[in-house]
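Student: Provided herewith is a single structure, encoded as structure tokens, for subsequent inquiry.
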Amino acid sequence: MAKNHVTTTINGEPVEFLCETQQTLLDVLRDELQLTGSKEGCASGDCGACSVMVDDRVVCSCLVMGVEAEGKSIETIEGMADGDQLHPLQQKFLENAALQCGICTPGFLVAAKALLEKNPDPTETEVRYWLAGNLCRCTGYDKIIRSVLEVAEEAKGA
Amino acid sequence: MDGDTNGYRWIGTRTIRPDGVDKVTGRAAFGADFSLPGMLVGKILRSPHAHARIRGINTKKAEVLAGVKAVVTSADFPEILPAEATKGSSPPNYRHLSQNLMAREKVLYDGHAVAAVAATNAAIATEALSLIEVEYEVLPHVTGVLEAMAEDAPILHDDLFTGGVDPKPGKPSNVAKRVEFAIGDTDAGFESADLIVERHYDTEGIHQGYIEPHAVVASMAADGQANIWCSSQGHFMVRQYCAGLLNMNIGDIKVTPAEIGGGFGGKTTVYLEPVALLLSKKSGLPIKMVMTRDEVFRGTGPTSGSYMTIKVGAKQDGTITAAEADLRFFAGAFPGAPVHLGCMCGFTPYDIENVKAVGYDVVTNRPKAISYRAPGAPIAAFGIESAIDELAKKLNIDPLALREKNAAKQGTRTAYGPTLGVVGFEETLEAAKNHPQMSEPLGANQGRGIASGYWFNVGGESSASVSVNEDGTITVTSGAPDIGGSRASLCIMAAEIFGINIDQVRAVIGDTTATAFNRHTGGSRVTFALGAVVIEAAEDCILQLRECAAKTWDIDIDAVEWENGEARPAGDNAGKFEPLTLPEIAEKTPMTGGPISAKKSSNVQGPGPAFGTHICDVEVDCETGHVKILRYTAIQDAGRAIHPGYVEGQMQGGVVQGIGWALNEEYIYGEDGKLQNPGFLDYRIPVASDLPMIDTVIVEIPNPTHPFGVRGVGEIPIIPPMAAVANAIENAVGLRLTSLPMSPPKVLAALDNGD
């Protein structure tokens with residue numbers, strides 16, 4: 001079967017790609033566009049390692065088809081830093097040792113950024129529930145949650 | 001402890017890890033992120049049966065499908081005969097490893113690999129798997145440990161006879177071996193006890209649950225030389241195992257480590273790599289294989305489940321007079337349950353005169369168990385630390401006080417032989433006693449539980465090189481994967497030794513050609529053992545740097561000292577020459593004898609054993625049976641915390657894995673022997689909303705055998721949580737739960753039954 005031609009925007013840049021109908025957005029990002037920062041942990045929407053933004057909504061890219069990117073705006077972990085300026089969440093994760101193996105980190109950062117854009121001053125409980133769709137097996141979540149809360153706190157003072 | 005760095009400049013500080021930026025920007029390449037031009041996709045066909053004889057495998061239809069380039073079955077792998085099952089030092093059983101990799105006469109569990117294909121894309125590979133015809137003769141199966149030990153149990157291996165018993169049994173058994181560790185006379189010890197507690201406990205099989213599925217790219221040339229890129233806990237292990245399984249020369253295989261997305265012991269063996277090599281050899285092209293989550297659950301090592309009997313006796317004053325454990329662990333399809341480790345660790349927190357621990361390693365129709373963080377110890381501790389709590393309650397002694405009274409200390413003889421050196425168990429108990437959580441008020445249906453744990457820690461073969469670069473910066477190259485911050489700790493130790501800024505030191509994980517052999521990352525060994533080797537190499541470099549300075553000044557090397565990153569003239573020469581900084585000496589090396597570097601390899605001994613004590617507060621919902629963790633504090637002797645942030649992280653992560661083990665996680669098998677929950681939806685690991693912050697207290701009783709006093713830290717924190725949670729539930733609602741997981745249905749049933 002002929003491949004599908006898709007025109008979309010990824011991290012602010014216009015992008016065109018060809019994909020099989022059965023390819024997920026995650027497959028396209030990783031295998032066709034070499035954007036391997038989004039990870040596949042389960043392919044069933046349970047782990048959140050593939051979290052990306054589609055038109056300002058955080059989604060599991062393993063549950064979105066590649067063809068659904070048509071006309072949309074996609075943001076991935078690769079677009080989070082501004083050149084050599086890390087996003088405050090990225091910087092805070094480093095300072096707080098909020099990652100160990102790092103496989104879940106891109107998904108957490110994308111999801112946490114989405115939270116703070118929607119709710120700049122979340123409670124600990126709100127952070128915990130917002131990030132409940134992102135699995136981390138290394139850290140016990142403590143330093144991740146603290147990092148998100150600290151970034152929110154520092155943004156208030158800024 | 002921050003701020004009190006014991007006079008060190010870098011040890012004990014929270015530096016930014018050198019691999020950090022790549023990991024927060026998505027640039028870090030994990031197992032599945034590597035690709036080669038022209039590579040094929042490899043996939044594995046797995047058994048749908050728990051136990052069946054393979055009557056035949058027909059791969060013809062798959063082979064002729066357009067796009068399929070290679071198909072392999074066990075017939076393509078060398079058969080490893082019993083006499084060749086072990087080779088080299090500290091080996092696996094290659095016969096079992098080979099049979100686990102690709103089933104031969106029988107499939108032994110739902111998910112056991114039977115064939116593999118390589119095709120030009122994933123869809124074709126998947127279609128090819130459906131065209132492989134396997135004729136099975138389904139056999140009776142057994143997944144429970146007691147059922148597998150029964151007289152009439154279906155036998156998995158006709159050539160497996162129970163080891164460790166005399167006389168050697170005349171017929172095969174699912175009990176692979178019996179082990180026993182004992183000191184004193186437990187019969188006499190129980191005779192002198194005023195009170196004895198005795199109960200059965202059981203735990204289910206659970207998975208390590210790393211978020212990154214196993215992944216590999218392998219390429220094998222026509223002359224038999226091979227390259228492997230993969231994520232594992234030991235690329236030297238991958239090389240050694242592939243060579244052993246495929247009868248290759250170790251020197252013909254180069255393994256390049258990817259970043260590893262979690263392992264916890266589960267990536268200390270091979271599943272895909274030898275298969276990918278054979279597919280590559282057959283097809284002449286590179287192969288990429290990535291497991292699905294379903295395959296990870298069904299085909300890779302969970303840890304053992306168990307059935308245990310724990311008996312402890314004490315005097316009225318709390319002195320424990322005798323303790324016995326009977327531990328029966330299932331190993332899955334091939335022998336190797338960590339039951340001996342459970343026997344060795346379980347009672348070690350206590351100085352008891354009479355101890356007997358007996359263990360049974362039992363095969364069942366489940367995936368072959370592999371290490372999971374402190375293998376064996378958490379299982380044993382669930383039973384033993386629950387028993388200690390019950391004993392305290394019955395003696396009407398505070399559980400911390402009972403532990404203090406019997407605490408192991410320097411000079412305590414362990415049941416497995418060694419006498420403990422400098423250890424910090426009593427200090428963890430003291431810290432627990434003084435922790436604010438102990439005085440937090442508890443409400444209705446709320447309770448507090450205490451539990452402790454012991455792990456001996458591990459050293460082992462370690463190799464590293466330290467190079468002084470032309471500008472005086474330092475490169476540390478080592479060969480054990482960084483699974484959670486070890487590059488950061490190696491940089492800190494090297495910067496401390498050289499006396500230079502941390503950003504002048506970079507640590508890289510080299511491939512199998514970059515350093516000599518390294519034992520895999522596991523057992524909490526890397527910061528301790530590799531750290532010791534890196535320190536030795538750095539000190540060798542400093543000796544060379546002093547020699548260079550001595551040549552420059554034309555004085556004796558003994559008259560040159562190294563301080564704060566520079567060579568200074570000492571003794572009679574003090575003040576005669578301007579100090580030479582590391583960059584200045586590095587610049588001069590073309591004139592003073594050439595580049596400066598040191599390679600060190602050592603089988604590092606003397607890992608400092610360590611203890612932890614945990615405090616857990618829970619609330620039990622008596623309507624639903626749901627247990628909520630309200631507060632949790634983990635206290636642990638880390639010897640010396642090189643990077644406190646990553647030590648805390650190990651503690652918090654281990655605790656939460658333990659909470660999952662306590663409350664949610666279990667392998668659920670149907671009557672048909674098939675795994676019913678091979679996904680993260682139904683196999684539920686803890687999520688952020690399940691948990692409170694995890695408080696940590698790092699106790700530092702330096703390990704005398706390490707230059708900075710390091711003890712391993714990664715294993716201990718998963719040992720106490722299951723008992724800590726169970727003890728807290730008992731304290732909340734007066735019910736002693738003895739079966740893991742303590743999931744809502746079980747808690748509710750216990751509440752309904754009153755026990």
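Just so we're on the same page: first chain in the structure tokens is A, next is B, and so on; residues restart at 1 for each chain, and ligands are numbered from 1 in the order they show up.
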Would you write out, as JSON lines, a table of all residues in chain B that have an atom no more than 7 Å from an atom of chain A, listing for each the closest atom pair and the distance in Å to one decimal, considering only C-alpha atoms and ordering rows by chain and rising residue number?
Tutor:
{"residue": "B:Ile16", "atom": "CA", "partner": "A:Glu95", "partner_atom": "CA", "distance": 6.0}
{"residue": "B:Gly20", "atom": "CA", "partner": "A:Leu94", "partner_atom": "CA", "distance": 6.2}
{"residue": "B:Lys23", "atom": "CA", "partner": "A:Gly102", "partner_atom": "CA", "distance": 5.7}
{"residue": "B:Val24", "atom": "CA", "partner": "A:Gln90", "partner_atom": "CA", "distance": 5.6}
{"residue": "B:Thr25", "atom": "CA", "partner": "A:Glu78", "partner_atom": "CA", "distance": 5.9}
{"residue": "B:Gly26", "atom": "CA", "partner": "A:Gly37", "partner_atom": "CA", "distance": 3.8}
{"residue": "B:Arg27", "atom": "CA", "partner": "A:Gly37", "partner_atom": "CA", "distance": 6.1}
{"residue": "B:Asp33", "atom": "CA", "partner": "A:Thr36", "partner_atom": "CA", "distance": 5.9}
{"residue": "B:Gly209", "atom": "CA", "partner": "A:Arg137", "partner_atom": "CA", "distance": 6.8}
{"residue": "B:Tyr210", "atom": "CA", "partner": "A:Arg137", "partner_atom": "CA", "distance": 6.1}
{"residue": "B:Ile211", "atom": "CA", "partner": "A:Gly41", "partner_atom": "CA", "distance": 5.3}
{"residue": "B:Glu212", "atom": "CA", "partner": "A:Gly41", "partner_atom": "CA", "distance": 5.5}
{"residue": "B:Pro213", "atom": "CA", "partner": "A:Gly41", "partner_atom": "CA", "distance": 6.3}
{"residue": "B:Ile260", "atom": "CA", "partner": "A:Cys101", "partner_atom": "CA", "distance": 6.4}
{"residue": "B:Gly261", "atom": "CA", "partner": "A:Ile103", "partner_atom": "CA", "distance": 4.9}
{"residue": "B:Gly262", "atom": "CA", "partner": "A:Cys101", "partner_atom": "CA", "distance": 5.6}
{"residue": "B:Thr292", "atom": "CA", "partner": "A:Cys42", "partner_atom": "CA", "distance": 6.8}
{"residue": "B:Arg293", "atom": "CA", "partner": "A:Cys42", "partner_atom": "CA", "distance": 5.0}
{"residue": "B:Ile483", "atom": "CA", "partner": "A:Cys101", "partner_atom": "CA", "distance": 5.5}
{"residue": "B:Gly484", "atom": "CA", "partner": "A:Gln100", "partner_atom": "CA", "distance": 4.1}
{"residue": "B:Gly485", "atom": "CA", "partner": "A:Gln100", "partner_atom": "CA", "distance": 6.1}
{"residue": "B:Gly645", "atom": "CA", "partner": "A:Ala97", "partner_atom": "CA", "distance": 5.7}
{"residue": "B:Tyr646", "atom": "CA", "partner": "A:Ala97", "partner_atom": "CA", "distance": 6.3}
{"residue": "B:Gly649", "atom": "CA", "partner": "A:Thr139", "partner_atom": "CA", "distance": 5.4}
{"residue": "B:Gln650", "atom": "CA", "partner": "A:Thr139", "partner_atom": "CA", "distance": 6.9}
{"residue": "B:Gln652", "atom": "CA", "partner": "A:Gly140", "partner_atom": "CA", "distance": 5.2}
{"residue": "B:Gly653", "atom": "CA", "partner": "A:Gly140", "partner_atom": "CA", "distance": 4.2}
{"residue": "B:Val656", "atom": "CA", "partner": "A:Gly140", "partner_atom": "CA", "distance": 5.1}
{"residue": "B:Phe680", "atom": "CA", "partner": "A:Asp46", "partner_atom": "CA", "distance": 5.9}
{"residue": "B:Leu681", "atom": "CA", "partner": "A:Asp46", "partner_atom": "CA", "distance": 6.0}
{"residue": "B:Val687", "atom": "CA", "partner": "A:Ala132", "partner_atom": "CA", "distance": 5.3}
{"residue": "B:Ala688", "atom": "CA", "partner": "A:Arg128", "partner_atom": "CA", "distance": 4.9}
{"residue": "B:Ser689", "atom": "CA", "partner": "A:Arg128", "partner_atom": "CA", "distance": 4.6}
{"residue": "B:Met693", "atom": "CA", "partner": "A:Asp142", "partner_atom": "CA", "distance": 5.2}
{"residue": "B:Ile694", "atom": "CA", "partner": "A:Asp142", "partner_atom": "CA", "distance": 6.3}
Student: Just the residues within 12 Å of Leu65 of chain B, please, counting only C-alpha atoms, with nothing from its chain fewer than 3 positions along; format it as a PyMOL selection string.
Tutor: chain B and resi 59-62+68-71+117-120+123-132
Student: Can you write out the residues you just picked, keeping C-alpha atoms, as a PDB file, in the first residue's frame?
Tutor:
ATOM      1  CA  THR B  59       9.632 -22.624   9.104  1.00  0.00           C
ATOM      2  CA  LYS B  60       9.323 -23.086   5.330  1.00  0.00           C
ATOM      3  CA  LYS B  61       6.353 -20.764   4.796  1.00  0.00           C
ATOM      4  CA  ALA B  62       8.021 -18.025   6.795  1.00  0.00           C
ATOM      5  CA  VAL B  68      12.163 -12.431   5.183  1.00  0.00           C
ATOM      6  CA  LYS B  69      15.940 -12.804   5.224  1.00  0.00           C
ATOM      7  CA  ALA B  70      16.585 -15.342   7.976  1.00  0.00           C
ATOM      8  CA  VAL B  71      14.797 -17.717  10.329  1.00  0.00           C
ATOM      9  CA  VAL B 117      12.943 -14.209  12.126  1.00  0.00           C
ATOM     10  CA  ALA B 118      14.677 -11.274  10.466  1.00  0.00           C
ATOM     11  CA  ALA B 119      12.834  -9.275   7.832  1.00  0.00           C
ATOM     12  CA  THR B 120      13.033  -5.965   6.049  1.00  0.00           C
ATOM     13  CA  ALA B 123       5.181  -5.865   9.722  1.00  0.00           C
ATOM     14  CA  ILE B 124       6.788  -8.550   7.570  1.00  0.00           C
ATOM     15  CA  ALA B 125       8.649  -9.978  10.576  1.00  0.00           C
ATOM     16  CA  THR B 126       5.386 -10.188  12.508  1.00  0.00           C
ATOM     17  CA  GLU B 127       3.626 -11.865   9.583  1.00  0.00           C
ATOM     18  CA  ALA B 128       6.513 -14.326   9.250  1.00  0.00           C
ATOM     19  CA  LEU B 129       6.118 -15.359  12.893  1.00  0.00           C
ATOM     20  CA  SER B 130       2.493 -16.264  12.194  1.00  0.00           C
ATOM     21  CA  LEU B 131       3.637 -18.539   9.345  1.00  0.00           C
ATOM     22  CA  ILE B 132       5.904 -20.656  11.552  1.00  0.00           C
TER      23      ILE B 132
END
Student: Would you give me, as a ChimeraX atom specification, the residues in segment 5-153 of chain A that DSSP reads as helix (DSSP H, G or I)?
Tutor: /A:25-32,61-63,66-69,77-79,88-95,105-118,124-133,142-153
Student: Would you export the selected residues with C-alpha atoms as a PDB file, in the first residue's frame, please?
Tutor:
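This went into selection_15.pdb:
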ATOM      1  CA  LEU A  25       3.280   9.025  15.808  1.00  0.00           C
ATOM      2  CA  LEU A  26       5.962   7.546  18.087  1.00  0.00           C
ATOM      3  CA  ASP A  27       7.124   5.207  15.282  1.00  0.00           C
ATOM      4  CA  VAL A  28       7.282   8.160  12.910  1.00  0.00           C
ATOM      5  CA  LEU A  29       9.205  10.357  15.346  1.00  0.00           C
ATOM      6  CA  ARG A  30      11.710   7.646  16.173  1.00  0.00           C
ATOM      7  CA  ASP A  31      12.053   5.633  12.974  1.00  0.00           C
ATOM      8  CA  GLU A  32      11.301   8.129  10.198  1.00  0.00           C
ATOM      9  CA  SER A  61       2.534   9.385  21.041  1.00  0.00           C
ATOM     10  CA  CYS A  62       2.250   5.578  20.973  1.00  0.00           C
ATOM     11  CA  LEU A  63      -1.538   6.023  20.997  1.00  0.00           C
ATOM     12  CA  GLY A  66       1.333   9.123  12.399  1.00  0.00           C
ATOM     13  CA  VAL A  67      -1.284  10.325   9.898  1.00  0.00           C
ATOM     14  CA  GLU A  68      -3.083  12.169  12.692  1.00  0.00           C
ATOM     15  CA  ALA A  69      -0.176  14.629  12.821  1.00  0.00           C
ATOM     16  CA  ILE A  77      11.675  16.738  24.188  1.00  0.00           C
ATOM     17  CA  GLU A  78      14.088  17.767  21.428  1.00  0.00           C
ATOM     18  CA  GLY A  79      12.322  21.150  21.270  1.00  0.00           C
ATOM     19  CA  PRO A  88      14.097  25.519  33.992  1.00  0.00           C
ATOM     20  CA  LEU A  89      12.622  22.031  34.478  1.00  0.00           C
ATOM     21  CA  GLN A  90      15.559  20.432  32.674  1.00  0.00           C
ATOM     22  CA  GLN A  91      17.997  22.410  34.793  1.00  0.00           C
ATOM     23  CA  LYS A  92      16.158  21.590  38.019  1.00  0.00           C
ATOM     24  CA  PHE A  93      16.043  17.870  37.213  1.00  0.00           C
ATOM     25  CA  LEU A  94      19.844  17.947  36.858  1.00  0.00           C
ATOM     26  CA  GLU A  95      20.434  19.930  40.050  1.00  0.00           C
ATOM     27  CA  THR A 105      12.941  11.673  31.886  1.00  0.00           C
ATOM     28  CA  PRO A 106      11.890  13.066  28.468  1.00  0.00           C
ATOM     29  CA  GLY A 107       8.287  12.012  29.085  1.00  0.00           C
ATOM     30  CA  PHE A 108       8.254  13.503  32.592  1.00  0.00           C
ATOM     31  CA  LEU A 109       9.728  16.779  31.372  1.00  0.00           C
ATOM     32  CA  VAL A 110       7.205  17.125  28.546  1.00  0.00           C
ATOM     33  CA  ALA A 111       4.312  16.302  30.878  1.00  0.00           C
ATOM     34  CA  ALA A 112       5.583  18.574  33.675  1.00  0.00           C
ATOM     35  CA  LYS A 113       6.028  21.492  31.286  1.00  0.00           C
ATOM     36  CA  ALA A 114       2.447  20.996  30.111  1.00  0.00           C
ATOM     37  CA  LEU A 115       1.263  21.043  33.723  1.00  0.00           C
ATOM     38  CA  LEU A 116       3.032  24.290  34.599  1.00  0.00           C
ATOM     39  CA  GLU A 117       1.699  25.973  31.475  1.00  0.00           C
ATOM     40  CA  LYS A 118      -1.825  24.985  32.477  1.00  0.00           C
ATOM     41  CA  GLU A 124       1.991  18.529  45.529  1.00  0.00           C
ATOM     42  CA  THR A 125      -1.147  16.445  45.058  1.00  0.00           C
ATOM     43  CA  GLU A 126      -1.904  18.103  41.734  1.00  0.00           C
ATOM     44  CA  VAL A 127       1.620  17.408  40.518  1.00  0.00           C
ATOM     45  CA  ARG A 128       1.382  13.786  41.659  1.00  0.00           C
ATOM     46  CA  TYR A 129      -1.931  13.207  39.861  1.00  0.00           C
ATOM     47  CA  TRP A 130      -0.875  15.059  36.710  1.00  0.00           C
ATOM     48  CA  LEU A 131       2.254  12.900  36.485  1.00  0.00           C
ATOM     49  CA  ALA A 132       0.500   9.660  37.491  1.00  0.00           C
ATOM     50  CA  GLY A 133       0.539   8.584  33.837  1.00  0.00           C
ATOM     51  CA  ASP A 142      10.310  12.184  45.244  1.00  0.00           C
ATOM     52  CA  LYS A 143      12.958  14.276  43.489  1.00  0.00           C
ATOM     53  CA  ILE A 144      10.835  14.617  40.341  1.00  0.00           C
ATOM     54  CA  ILE A 145       7.873  16.007  42.269  1.00  0.00           C
ATOM     55  CA  ARG A 146      10.127  18.335  44.272  1.00  0.00           C
ATOM     56  CA  SER A 147      11.733  19.621  41.085  1.00  0.00           C
ATOM     57  CA  VAL A 148       8.391  20.500  39.508  1.00  0.00           C
ATOM     58  CA  LEU A 149       7.239  22.246  42.691  1.00  0.00           C
ATOM     59  CA  GLU A 150      10.500  24.179  42.971  1.00  0.00           C
ATOM     60  CA  VAL A 151      10.358  25.370  39.369  1.00  0.00           C
ATOM     61  CA  ALA A 152       6.782  26.568  39.944  1.00  0.00           C
ATOM     62  CA  GLU A 153       7.854  28.339  43.136  1.00  0.00           C
TER      63      GLU A 153
END
Student: Determine which residues of chain A receive a DSSP assignment of strand (DSSP E or B), computed from the backbone, and state them as a PyMOL selection string.
Tutor: chain A and resi 4-10+13-19+24+51-54+57-60+65+73-75+82+85
Student: Could you save the residues just selected, with C-alpha atoms, as a short mmCIF file (atom, residue, chain, number, x, y, z; two decimals), in the first residue's frame?
Tutor:
data_model
loop_
_atom_site.label_atom_id
_atom_site.label_comp_id
_atom_site.auth_asym_id
_atom_site.auth_seq_id
_atom_site.Cartn_x
_atom_site.Cartn_y
_atom_site.Cartn_z
CA ASN A 4 0.72 8.47 3.44
CA HIS A 5 2.09 11.95 2.94
CA VAL A 6 1.78 14.06 6.09
CA THR A 7 2.48 17.77 6.51
CA THR A 8 2.92 18.93 10.09
CA THR A 9 4.91 21.15 12.41
CA ILE A 10 7.44 19.67 14.82
CA GLU A 13 9.61 23.69 12.12
CA PRO A 14 7.49 22.66 9.12
CA VAL A 15 8.00 18.93 8.48
CA GLU A 16 6.77 16.55 5.81
CA PHE A 17 7.02 12.79 6.11
CA LEU A 18 5.77 9.58 4.55
CA CYS A 19 4.39 6.90 6.82
CA THR A 24 2.11 5.47 15.31
CA SER A 51 4.75 11.85 26.00
CA VAL A 52 4.66 14.67 23.43
CA MET A 53 2.50 17.75 22.91
CA VAL A 54 -0.01 17.71 20.08
CA ARG A 57 -2.26 18.74 24.72
CA VAL A 58 0.07 16.21 26.28
CA VAL A 59 -0.49 12.77 24.73
CA CYS A 60 1.16 9.37 24.57
CA MET A 65 -1.31 7.49 14.54
CA SER A 73 1.73 21.22 15.90
CA ILE A 74 3.91 18.65 17.69
CA GLU A 75 6.38 19.40 20.46
CA ASP A 82 16.07 27.00 23.71
CA GLN A 85 19.54 27.32 27.29
#
Student: Which residue is closest to Val255 of chain B? Choose from B:Glu137, B:Asp511, B:Asp540, B:Asp752 and count only C-alpha atoms.
Tutor: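 Selected residue with least distance to Val255 of chain B: B:Asp511.
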